[in-house]
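A.B. asks: Next comes the structure file model-v6.cif, holding mmCIF, C-alpha atoms.
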data_my_file
#
loop_
_atom_site.label_atom_id
_atom_site.label_comp_id
_atom_site.auth_asym_id
_atom_site.auth_seq_id
_atom_site.Cartn_x
_atom_site.Cartn_y
_atom_site.Cartn_z
CA MET A 1 -8.11 30.30 -13.22
CA GLN A 2 -5.25 32.31 -11.83
CA GLY A 3 -4.13 34.40 -14.74
CA ASN A 4 -4.43 32.04 -17.68
CA LYS A 5 -3.30 28.96 -15.74
CA PRO A 6 -5.75 26.28 -14.62
CA ARG A 7 -6.09 25.77 -10.89
CA VAL A 8 -4.99 22.36 -9.61
CA ALA A 9 -5.23 20.48 -6.31
CA MET A 10 -2.69 17.74 -5.52
CA VAL A 11 -3.82 14.73 -3.50
CA PHE A 12 -1.17 12.67 -1.75
CA GLY A 13 -1.53 9.36 0.02
CA ALA A 14 -0.25 8.34 3.39
CA GLY A 15 2.72 6.35 4.57
CA MET A 16 6.39 6.97 5.11
CA GLY A 17 7.64 5.22 1.96
CA ASP A 18 5.13 6.95 -0.28
CA GLY A 19 5.84 10.15 1.59
CA PHE A 20 9.44 10.27 0.45
CA PHE A 21 8.40 9.65 -3.16
CA GLU A 22 5.78 12.37 -2.88
CA ALA A 23 8.35 14.70 -1.27
CA GLY A 24 10.42 14.35 -4.44
CA PHE A 25 7.37 15.22 -6.52
CA ILE A 26 6.61 18.29 -4.38
CA PHE A 27 10.26 19.35 -4.62
CA ALA A 28 10.19 19.06 -8.43
CA GLN A 29 6.92 21.02 -8.46
CA ALA A 30 8.58 23.84 -6.51
CA GLU A 31 11.53 23.94 -8.90
CA LEU A 32 9.21 24.28 -11.89
CA GLU A 33 7.33 27.01 -10.07
CA GLU A 34 10.59 28.90 -9.37
CA GLU A 35 11.54 28.65 -13.05
CA GLY A 36 8.13 29.96 -14.06
CA SER A 37 7.47 26.84 -16.14
CA LEU A 38 4.69 25.33 -14.05
CA PRO A 39 1.69 25.09 -16.43
CA TYR A 40 -0.90 25.37 -13.65
CA ALA A 41 -1.50 27.16 -10.36
CA LEU A 42 -1.39 24.86 -7.35
CA THR A 43 -4.18 25.92 -5.01
CA ASP A 44 -4.59 22.97 -2.65
CA VAL A 45 -2.46 20.14 -1.25
CA ILE A 46 -4.52 17.35 0.28
CA CYS A 47 -2.57 14.91 2.42
CA ALA A 48 -2.54 12.61 5.40
CA SER A 49 -0.02 11.07 7.74
CA THR A 50 3.65 12.02 7.43
CA VAL A 51 3.16 13.46 3.94
CA SER A 52 1.45 16.38 5.71
CA TYR A 53 4.87 17.60 6.86
CA PHE A 54 5.99 17.96 3.24
CA GLY A 55 2.79 19.79 2.29
CA ILE A 56 3.37 22.30 5.09
CA MET A 57 7.04 22.67 4.14
CA TYR A 58 5.92 23.51 0.60
CA ALA A 59 3.33 26.05 1.76
CA GLY A 60 5.74 27.43 4.36
CA GLY A 61 8.40 28.17 1.77
CA VAL A 62 11.07 25.77 3.01
CA ILE A 63 10.89 23.34 0.13
CA ARG A 64 14.68 23.20 -0.17
CA ARG A 65 14.80 21.58 3.25
CA ILE A 66 12.86 18.56 1.95
CA ALA A 67 16.11 17.19 0.50
CA GLU A 68 17.71 17.55 3.92
CA VAL A 69 14.79 15.69 5.52
CA CYS A 70 15.09 12.85 3.01
CA GLU A 71 18.86 12.62 3.45
CA THR A 72 18.94 12.78 7.26
CA PHE A 73 15.76 10.94 8.29
CA ARG A 74 16.31 7.80 10.35
CA PRO A 75 13.64 5.41 11.66
CA SER A 76 14.57 6.54 15.19
CA ASP A 77 13.33 10.04 14.22
CA LEU A 78 9.79 8.68 14.13
CA SER A 79 9.37 7.01 17.52
CA GLU A 80 11.01 5.19 20.37
CA PHE A 81 9.80 2.11 22.22
CA SER A 82 8.36 3.02 25.62
CA LEU A 83 6.91 0.36 27.90
CA HIS A 84 6.39 3.11 30.50
CA GLN A 85 4.36 5.04 27.92
CA LEU A 86 2.19 1.97 27.31
CA LEU A 87 1.59 1.22 30.97
CA PHE A 88 1.37 4.71 32.46
CA GLY A 89 0.94 7.11 29.54
CA HIS A 90 -1.78 7.27 26.92
CA GLY A 91 -1.80 3.53 26.31
CA ALA A 92 0.61 3.64 23.37
CA LEU A 93 3.50 1.32 22.65
CA PHE A 94 5.86 4.02 21.37
CA SER A 95 6.65 7.59 22.27
CA ASN A 96 6.37 10.20 19.49
CA LYS A 97 8.86 12.58 21.15
CA PRO A 98 11.51 11.95 18.45
CA LEU A 99 9.04 12.87 15.69
CA LYS A 100 8.11 16.08 17.50
CA LYS A 101 11.78 16.97 17.93
CA PHE A 102 12.36 16.23 14.24
CA ALA A 103 9.41 18.47 13.30
CA GLN A 104 10.71 21.33 15.47
CA ARG A 105 13.94 21.21 13.48
CA PHE A 106 12.15 21.85 10.20
CA LEU A 107 8.94 23.68 11.11
CA SER A 108 9.72 26.84 13.04
CA PRO A 109 6.91 29.18 14.17
CA ALA A 110 7.80 31.42 11.20
CA VAL A 111 7.35 28.51 8.77
CA CYS A 112 3.96 27.72 10.34
CA ARG A 113 2.86 31.35 9.98
CA ARG A 114 3.96 31.39 6.33
CA ALA A 115 2.13 28.10 5.68
CA VAL A 116 -1.21 29.45 6.91
CA ALA A 117 -0.65 32.70 4.98
CA SER A 118 0.29 30.85 1.77
CA PRO A 119 -2.03 30.96 -1.25
CA VAL A 120 -1.84 27.14 -1.16
CA ASN A 121 -4.42 25.63 1.19
CA VAL A 122 -3.05 22.48 2.83
CA HIS A 123 -5.70 19.95 3.94
CA ILE A 124 -4.55 17.52 6.65
CA ALA A 125 -6.68 14.50 7.52
CA THR A 126 -6.84 13.18 11.10
CA VAL A 127 -9.27 11.15 13.20
CA ASP A 128 -11.21 12.78 16.03
CA ASP A 129 -10.89 10.05 18.67
CA SER A 130 -14.07 11.20 20.44
CA GLN A 131 -16.02 10.31 17.27
CA LEU A 132 -14.64 6.80 16.61
CA GLY A 133 -18.10 5.23 16.75
CA ASN A 134 -19.53 7.67 14.24
CA PRO A 135 -18.26 7.07 10.68
CA ASP A 136 -19.81 10.33 9.45
CA THR A 137 -17.84 12.61 11.79
CA ARG A 138 -14.73 10.70 12.88
CA VAL A 139 -12.47 12.14 10.16
CA LYS A 140 -11.36 15.68 10.97
CA VAL A 141 -9.76 17.61 8.12
CA TRP A 142 -7.67 20.61 9.17
CA ARG A 143 -7.17 23.29 6.53
CA THR A 144 -4.54 26.01 6.68
CA HIS A 145 -7.08 28.50 5.28
CA ASP A 146 -9.72 27.72 7.92
CA PRO A 147 -10.23 30.28 10.70
CA TYR A 148 -8.86 28.01 13.46
CA LEU A 149 -5.36 27.54 11.98
CA GLN A 150 -5.39 31.10 10.61
CA SER A 151 -5.74 32.40 14.17
CA HIS A 152 -3.65 29.63 15.80
CA PRO A 153 -0.72 28.82 13.48
CA GLU A 154 1.23 27.64 16.54
CA LYS A 155 -1.12 24.61 16.64
CA LEU A 156 0.07 23.40 13.24
CA PRO A 157 2.84 21.16 14.70
CA ASN A 158 0.20 19.53 16.91
CA VAL A 159 -2.02 18.87 13.89
CA LEU A 160 0.95 17.37 12.03
CA SER A 161 1.79 15.22 15.02
CA ALA A 162 -1.81 14.00 15.18
CA ALA A 163 -1.73 13.20 11.46
CA SER A 164 1.26 10.90 12.10
CA ASP A 165 0.12 9.28 15.37
CA LEU A 166 -0.94 5.73 14.61
CA GLN A 167 -3.55 4.62 17.12
CA VAL A 168 -2.20 2.29 19.84
CA LEU A 169 1.36 2.54 18.50
CA LEU A 170 1.81 6.27 19.22
CA PRO A 171 0.03 8.48 21.73
CA ASN A 172 -2.83 10.49 20.30
CA GLU A 173 -2.29 14.23 20.08
CA GLU A 174 -4.30 16.53 22.31
CA ILE A 175 -5.50 19.73 20.67
CA ASP A 176 -7.74 21.99 22.73
CA GLY A 177 -8.94 19.17 24.99
CA LYS A 178 -9.73 16.64 22.23
CA PHE A 179 -7.52 13.81 20.99
CA TYR A 180 -6.65 13.22 17.34
CA SER A 181 -4.66 10.57 15.50
CA ASP A 182 -3.61 9.33 12.07
CA CYS A 183 -6.53 8.51 9.78
CA LEU A 184 -4.97 5.22 8.64
CA PHE A 185 -7.69 3.19 10.36
CA ALA A 186 -10.57 5.56 9.62
#
Kindly present the structure from the file in structure tokens form.
C.D. replies:
Amino acid sequence: MQGNKPRVAMVFGAGMGDGFFEAGFIFAQAELEEEGSLPYALTDVICASTVSYFGIMYAGGVIRRIAEVCETFRPSDLSEFSLHQLLFGHGALFSNKPLKKFAQRFLSPAVCRRAVASPVNVHIATVDDSQLGNPDTRVKVWRTHDPYLQSHPEKLPNVLSAASDLQVLLPNEEIDGKFYSDCLFA
């Protein structure tokens, strides 16, 4: 327990539609926390896919920007069709450049540093594409309190991109020589 409050972990699903619902829940959570009326201490946020962005925004202290994300997000912010990408790139049908540009707007290096320094540990599920044949090791969970992200907070946008990169549809994200993608098909 932190103080006299029970410790709680929140687990969120994946998917853009659910993500916006869950963003509203996270936003309401932050308001209760600001008012001092939250009856528990949130210690962990466990998420996958695009919901990971909202978990990092919470831990990074930019929860107020979630409303802006929800109000300004357009489907074109996620991806763009790219036949060239399919034929000559990483074998994906769409480019994820718009999603990366969208993330840069909301997740500055300072926000990433605050997220890994936050008392809330954000767990982000991805798939290690080098382990696709091995069901025991193909899911890679990144944690903001693990040594890697603690010492490399600048890699957090790459992890978030990987968490949102649907295999075949979007190019997989390279992080330190390995490729990762959304865990939807894991």
A.B. asks: Interatomic distance between CA of Thr43 (chain A) and CA of Val120 (chain A)?
C.D. replies: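 Separating CA of Thr43 (chain A) from CA of Val120 (chain A) is a distance of 4.7 Å.
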A.B. asks: Residues within 9 Å of Ala162 (chain A), please, as a list of chain:residue names. Count all atoms listed in the file; anything in the same chain fewer than 4 positions from it doesn't count.
C.D. replies: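 The residues satisfying every condition are A:Ser49, A:Thr126, A:Val127, A:Pro157, A:Asn158, A:Leu166, A:Pro171, A:Asn172, A:Glu173, A:Glu174, A:Ile175, A:Phe179, A:Tyr180, A:Ser181, A:Asp182.
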A.B. asks: In Å, with one decimal, what is the gap from CA of Leu149 (chain A) to CA of Ala110 (chain A)?
C.D. replies: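 Taking CA of Leu149 (chain A) as the start and CA of Ala110 (chain A) as the end point, the length is 13.7 Å.
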A.B. asks: Just checking: using all atoms listed in the file, which residue out of A:Ile124, A:Leu42, A:Val141, A:Ala28 ends up closest to Ile56 (chain A)?
C.D. replies: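 Nearest candidate to Ile56 (chain A) out of A:Ile124, A:Leu42, A:Val141, A:Ala28: A:Ile124.
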A.B. asks: Distance CA of Ala59 (chain A)-CA of Gly24 (chain A), one decimal place?
C.D. replies: 15.0 Å
A.B. asks: Let me make sure I understand: among A:Arg105, A:Lys100, A:His152, A:Lys178, which one has the smallest atom-to-atom distance to Thr50 (chain A) if we use all atoms listed in the file?
C.D. replies: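 Checking each candidate against Thr50 (chain A), we get A:Lys100 as the closest.
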A.B. asks: For His145 (chain A), which residue out of A:Asp44, A:Glu68, A:Asp129, A:Asp176 is the nearest one, using all atoms listed in the file?
C.D. replies: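 Ranked by minimum distance to His145 (chain A), first place goes to A:Asp44.
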A.B. asks: Taking all atoms listed in the file into account, which of A:Ile63, A:Val8, A:Ala23, A:Leu156 comes nearest Leu38 (chain A)?
C.D. replies: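 Under the stated criterion, the closest residue is A:Val8.
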A.B. asks: Let me make sure I understand: among A:Gly61, A:Ala103, A:Val116, A:Arg7, which one has the smallest atom-to-atom distance to Ser164 (chain A) if we use only C-alpha atoms?
C.D. replies: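 Closest to Ser164 (chain A) of all the choices is A:Ala103.
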A.B. asks: Starting from the shown file, work through the PyMOL selection byres ((chain A and resi 27) around 12) and note down what comes out as a VMD selection string.
C.D. replies: chain A and resid 19 to 26 28 to 34 54 to 55 57 to 59 61 to 70
A.B. asks: Can you work out which one of A:Gly60, A:Ser37, A:Ala117, A:Val122 has the shortest atom-to-atom distance to Ala9 (chain A), counting only C-alpha atoms?
C.D. replies: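 Among A:Gly60, A:Ser37, A:Ala117, A:Val122, it is A:Val122 that comes nearest to Ala9 (chain A).
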A.B. asks: Centre and edge lengths, as AutoDock Vina command-line options, for the axis-aligned box enclosing every listed atom of region 47-66 of chain A with 3 Å of padding on each of the six sides, in Å to one decimal?
C.D. replies:
--center_x 6.1 --center_y 19.6 --center_z 3.8 --size_x 23.4 --size_y 23.1 --size_z 13.9
